[in-house]
Amino acid sequence: MNKTAVLKHTKITVAGLAAKQNGITVIQLSDLHETELYNFDIAAHILEQQPDLLLVTGDMMDRPHNSGDRFIEILKALDNRVPVYGCTGNHEYDVQHGRFPENYRNFMKQTAALGVRWLIDETIEISVRGEPLLLCGLSGERFRPMRYETVRAHLPKPCDKPLIVLCHNPDWFDCIAPKCTCLMLSGHVHGGLWRLPLIGGLIGPSLAVLPFYDLGLFRYKSSCLHISGGFGDTAMKFRFNNPRELNLLTLYSEGTRECNHEHSVDRPRPLSFAIMTLAALLLVLCFLWMRPCTSTALSLALMLCAVCARLCKRRLFTGLKRRFGIVYYIAWLIFFAGLFTIFLQNIIIHASFV
Ligand SMILES: [Fe+2]
């Protein structure tokens, strides 16, 4: 288990932010999962930065533990010195609807008493530096199907003030951003766990391969999505090239500064696309040279299609995954099974020569 964590600073331009709010600072804490690092004191880092807001984006509880004691300790250390707002994540949802719903109720009660204003599918108006700011919290787990219409009632109408949406699952950005200009803060993906240069995260929640929304900033027109890599871990503990993070966000009004790096949602990532396609083609050639079985060739072709679709056209891929998601995962399974079979065959052939 990787024991390092960083305080990551990101600059974001937010549509509609008043001139007086230019440069406000927000700490985003996501996916704590009962994790404690003795060499990184979260509360001390927060107090040192003196942020205008501490925004929590879910998974402060952890399903296997059915508790959120670590977050409660942090709140006690903060001692109401920073305003805290938060949305819940899938782990809070699972505890609430699992065998220990009283744990969820106690957690919500204790954290509220320690100063957290939970936003459970609601929007509130707060004042930051004397100017209004809308804060919306969505517990996306409750809403199916994943469409704007299913959450519209909880978003402000009209979106005429700067709006920050807290939503654990970043996939909701596709539904919300085209309809409602906002800065959305999310977590959930843990940065894709194992990160490769240019390609990004490899594994998302529920073993999704190559999650598109993995880490950092994404922009759709004037809306922006920031995904935290999260501080903790749950089932899969091992991260690669993906430190745990507490996020310090500085928000700027439009025209004063650009985001420090971003991915446009509608634009493919050309370099990643070229590298992945080349790698996939090389793999196909290698397997053809080794005379693979039909299932391996088929799974390779499917994998190539899935990777191209993911990198080339996000919306096409999202639609396909929603409709044929299981086929996509089965294709990956067949691919790895095929790979393993050929690997074994080669070892046996090699061993027989020796
Ligand atoms: Fe999480």
# chains A, B, ... in the order shown; residues from 1 in each chain; ligands from 1
$ residues_around --residues "A:Arg129" --least-positions-apart "6" --cutoff "10 Å" --atoms "only C-alpha atoms" --output "VMD selection string"
chain A and resid 18 20 to 22 24 52
$ select_by_dssp --residues "stretch 71-139 of chain A" --states "strand (DSSP E)" --output "list in words"
Val84, Tyr85, Gly86, Cys87, Val116, Arg117, Trp118, Glu122, Thr123, Ile124, Glu125, Ile126, Ser127, Val128, Glu131, Pro132, Leu133, Leu134, Leu135, Cys136, Gly137 and Leu138 of chain A
$ write_last_selection --atoms "C-alpha atoms" --output "CSV table (one decimal), in the first residue's frame"
chain,number,residue,atom,x,y,z
A,84,VAL,CA,-17.7,22.5,5.6
A,85,TYR,CA,-20.2,21.4,3.0
A,86,GLY,CA,-20.5,17.9,1.5
A,87,CYS,CA,-22.3,15.4,-0.6
A,116,VAL,CA,-20.8,19.7,8.2
A,117,ARG,CA,-23.7,21.0,6.2
A,118,TRP,CA,-24.6,17.9,4.1
A,122,GLU,CA,-30.5,20.2,-2.7
A,123,THR,CA,-29.1,23.6,-3.7
A,124,ILE,CA,-28.4,26.4,-1.2
A,125,GLU,CA,-27.1,29.9,-1.6
A,126,ILE,CA,-24.1,30.9,0.5
A,127,SER,CA,-22.1,34.1,0.7
A,128,VAL,CA,-18.4,34.1,0.0
A,131,GLU,CA,-21.1,37.7,-2.9
A,132,PRO,CA,-23.5,34.9,-3.6
A,133,LEU,CA,-22.4,31.4,-4.5
A,134,LEU,CA,-24.7,28.4,-5.2
A,135,LEU,CA,-23.8,25.1,-3.8
A,136,CYS,CA,-25.5,21.9,-4.9
A,137,GLY,CA,-25.0,18.4,-3.5
A,138,LEU,CA,-26.2,15.4,-5.5
$ closest_atom_pairs --of "chain A" --to "ligand 1" --cutoff "9 Å" --atoms "only C-alpha atoms and all ligand atoms" --output "JSON lines"
{"residue": "A:Ser30", "atom": "CA", "partner": "ligand 1", "partner_atom_place_in_ligand_line": "1 (Fe)", "distance": 7.5}
{"residue": "A:Asp31", "atom": "CA", "partner": "ligand 1", "partner_atom_place_in_ligand_line": "1 (Fe)", "distance": 4.3}
{"residue": "A:Leu32", "atom": "CA", "partner": "ligand 1", "partner_atom_place_in_ligand_line": "1 (Fe)", "distance": 7.3}
{"residue": "A:His33", "atom": "CA", "partner": "ligand 1", "partner_atom_place_in_ligand_line": "1 (Fe)", "distance": 6.6}
{"residue": "A:Gly58", "atom": "CA", "partner": "ligand 1", "partner_atom_place_in_ligand_line": "1 (Fe)", "distance": 7.4}
{"residue": "A:Asp59", "atom": "CA", "partner": "ligand 1", "partner_atom_place_in_ligand_line": "1 (Fe)", "distance": 5.2}
{"residue": "A:Met60", "atom": "CA", "partner": "ligand 1", "partner_atom_place_in_ligand_line": "1 (Fe)", "distance": 8.3}
{"residue": "A:Asp62", "atom": "CA", "partner": "ligand 1", "partner_atom_place_in_ligand_line": "1 (Fe)", "distance": 8.2}
{"residue": "A:Gly89", "atom": "CA", "partner": "ligand 1", "partner_atom_place_in_ligand_line": "1 (Fe)", "distance": 7.4}
{"residue": "A:Asn90", "atom": "CA", "partner": "ligand 1", "partner_atom_place_in_ligand_line": "1 (Fe)", "distance": 7.5}
{"residue": "A:His91", "atom": "CA", "partner": "ligand 1", "partner_atom_place_in_ligand_line": "1 (Fe)", "distance": 7.2}
{"residue": "A:His168", "atom": "CA", "partner": "ligand 1", "partner_atom_place_in_ligand_line": "1 (Fe)", "distance": 8.4}
{"residue": "A:Gly187", "atom": "CA", "partner": "ligand 1", "partner_atom_place_in_ligand_line": "1 (Fe)", "distance": 6.9}
{"residue": "A:His188", "atom": "CA", "partner": "ligand 1", "partner_atom_place_in_ligand_line": "1 (Fe)", "distance": 4.4}
{"residue": "A:Val189", "atom": "CA", "partner": "ligand 1", "partner_atom_place_in_ligand_line": "1 (Fe)", "distance": 6.6}
{"residue": "A:His190", "atom": "CA", "partner": "ligand 1", "partner_atom_place_in_ligand_line": "1 (Fe)", "distance": 6.4}
{"residue": "A:Pro205", "atom": "CA", "partner": "ligand 1", "partner_atom_place_in_ligand_line": "1 (Fe)", "distance": 8.1}
{"residue": "A:Gly230", "atom": "CA", "partner": "ligand 1", "partner_atom_place_in_ligand_line": "1 (Fe)", "distance": 7.1}
{"residue": "A:Phe231", "atom": "CA", "partner": "ligand 1", "partner_atom_place_in_ligand_line": "1 (Fe)", "distance": 8.8}
{"residue": "A:Gly232", "atom": "CA", "partner": "ligand 1", "partner_atom_place_in_ligand_line": "1 (Fe)", "distance": 7.3}
{"residue": "A:Asp233", "atom": "CA", "partner": "ligand 1", "partner_atom_place_in_ligand_line": "1 (Fe)", "distance": 6.7}
{"residue": "A:Thr234", "atom": "CA", "partner": "ligand 1", "partner_atom_place_in_ligand_line": "1 (Fe)", "distance": 6.8}
$ write_last_selection --atoms "C-alpha atoms" --output "mmCIF file, in the first residue's frame"
data_model
loop_
_atom_site.group_PDB
_atom_site.id
_atom_site.type_symbol
_atom_site.label_atom_id
_atom_site.label_comp_id
_atom_site.auth_asym_id
_atom_site.auth_seq_id
_atom_site.Cartn_x
_atom_site.Cartn_y
_atom_site.Cartn_z
ATOM 1 C CA SER A 30 -12.699 13.052 -1.368
ATOM 2 C CA ASP A 31 -12.770 9.289 -0.824
ATOM 3 C CA LEU A 32 -11.237 9.187 2.631
ATOM 4 C CA HIS A 33 -12.429 5.598 3.227
ATOM 5 C CA GLY A 58 -18.247 11.591 -0.718
ATOM 6 C CA ASP A 59 -16.956 8.257 0.570
ATOM 7 C CA MET A 60 -16.017 9.581 3.986
ATOM 8 C CA ASP A 62 -16.161 2.941 4.152
ATOM 9 C CA GLY A 89 -20.827 8.921 -2.067
ATOM 10 C CA ASN A 90 -21.641 5.350 -2.980
ATOM 11 C CA HIS A 91 -20.151 4.013 0.273
ATOM 12 C CA HIS A 168 -19.307 11.894 -6.089
ATOM 13 C CA GLY A 187 -14.034 11.772 -6.788
ATOM 14 C CA HIS A 188 -15.020 8.100 -6.912
ATOM 15 C CA VAL A 189 -12.476 6.926 -9.528
ATOM 16 C CA HIS A 190 -9.372 7.133 -7.283
ATOM 17 C CA PRO A 205 -14.834 1.633 -9.964
ATOM 18 C CA GLY A 230 -8.980 10.805 -3.394
ATOM 19 C CA PHE A 231 -7.121 10.220 -0.172
ATOM 20 C CA GLY A 232 -8.011 6.655 0.657
ATOM 21 C CA ASP A 233 -8.601 3.224 -0.726
ATOM 22 C CA THR A 234 -11.148 0.545 -0.304
#
$ atom_distance --atom1 "atom CA of A:Val6" --atom2 "atom CA of A:Glu245"
4.9 Å
$ closest_residue --among "A:His97, A:Arg105, A:His65, A:Lys11" --to "A:Leu249" --atoms "only C-alpha atoms"
A:Lys11
$ closest_residue --among "A:Val56, A:Met236, A:Leu155, A:Cys175" --to "A:Gly192" --atoms "only C-alpha atoms"
A:Met236
$ residues_around --residues "A:Cys180" --least-positions-apart "4" --cutoff "9 Å" --atoms "only C-alpha atoms" --output "list in words"
Leu155, Pro156, Pro158, Cys159, Leu163, Ile176 and Ser223 of chain A
$ write_last_selection --atoms "N, CA and C atoms" --output "compact mmCIF listing (two decimals), in the first residue's frame"
# COMPACT_ATOMS: atom_id res chain seq x y z
N LEU A 155 -31.40 20.96 -9.10
CA LEU A 155 -30.45 21.98 -9.56
C LEU A 155 -31.15 23.34 -9.59
N PRO A 156 -30.39 24.45 -9.50
CA PRO A 156 -31.03 25.76 -9.48
C PRO A 156 -31.67 26.10 -10.82
N PRO A 158 -33.21 29.68 -12.61
CA PRO A 158 -32.19 29.41 -13.61
C PRO A 158 -30.80 29.39 -12.97
N CYS A 159 -29.80 28.91 -13.72
CA CYS A 159 -28.41 28.88 -13.21
C CYS A 159 -27.79 30.25 -13.46
N LEU A 163 -22.11 28.50 -9.74
CA LEU A 163 -22.64 27.27 -9.14
C LEU A 163 -21.53 26.22 -9.01
N ILE A 176 -25.12 16.94 -16.73
CA ILE A 176 -25.40 18.24 -16.12
C ILE A 176 -24.77 19.40 -16.90
N SER A 223 -18.44 25.02 -18.52
CA SER A 223 -18.49 24.19 -17.32
C SER A 223 -17.15 23.47 -17.12
$ residues_around --residues "A:Ala5" --least-positions-apart "2" --cutoff "12 Å" --atoms "only C-alpha atoms" --output "compact mmCIF listing (two decimals) with C-alpha atoms, in the first residue's frame"
# COMPACT_ATOMS: atom_id res chain seq x y z
CA MET A 1 0.00 0.00 0.00
CA ASN A 2 1.37 3.37 -1.09
CA LYS A 3 1.86 5.56 1.98
CA LEU A 7 -1.51 18.58 -1.26
CA LYS A 8 -2.25 19.25 -4.94
CA LEU A 32 -11.24 9.19 2.63
CA THR A 35 -7.62 5.88 5.64
CA GLU A 36 -5.05 7.29 8.00
CA LEU A 37 -1.51 8.27 7.03
CA TYR A 38 0.69 9.10 9.98
CA ASN A 39 2.98 11.26 7.82
CA PHE A 40 0.15 13.45 6.45
CA ASP A 41 -2.09 15.34 8.86
CA ILE A 42 -5.16 16.34 6.85
CA HIS A 45 -2.89 20.99 6.11
CA GLY A 229 -7.71 11.23 -6.95
CA GLY A 230 -8.98 10.80 -3.39
CA PHE A 231 -7.12 10.22 -0.17
CA GLY A 232 -8.01 6.65 0.66
CA ARG A 239 -1.80 2.62 -6.52
CA ASN A 241 2.06 6.64 -10.23
CA ASN A 242 -1.03 8.00 -8.50
CA PRO A 243 -0.40 9.56 -5.07
CA ARG A 244 -3.21 10.08 -2.61
CA GLU A 245 -4.26 13.70 -2.63
CA LEU A 246 -5.90 16.51 -0.76
CA ASN A 247 -6.87 19.19 -3.26
$ residues_around --residues "A:Leu215" --least-positions-apart "2" --cutoff "7 Å" --atoms "only C-alpha atoms" --output "list in words"
Gly191, Tyr213, Leu217, Ile227, Ser228 and Gly229 of chain A
$ write_last_selection --atoms "C-alpha atoms" --output "PDB file, in the first residue's frame"
ATOM      1  CA  GLY A 191      -7.420   8.441 -10.273  1.00  0.00           C
ATOM      2  CA  TYR A 213     -13.164  10.646 -16.279  1.00  0.00           C
ATOM      3  CA  LEU A 217      -9.716  18.916 -14.924  1.00  0.00           C
ATOM      4  CA  ILE A 227     -11.903  14.995 -10.169  1.00  0.00           C
ATOM      5  CA  SER A 228      -9.866  14.352  -7.057  1.00  0.00           C
ATOM      6  CA  GLY A 229      -7.708  11.235  -6.951  1.00  0.00           C
TER       7      GLY A 229
END
$ select_by_dssp --residues "stretch 68-163 of chain A" --states "alpha helix (DSSP H)" --output "ChimeraX atom specification"
/A:69-78,90-96,101-113,148-151
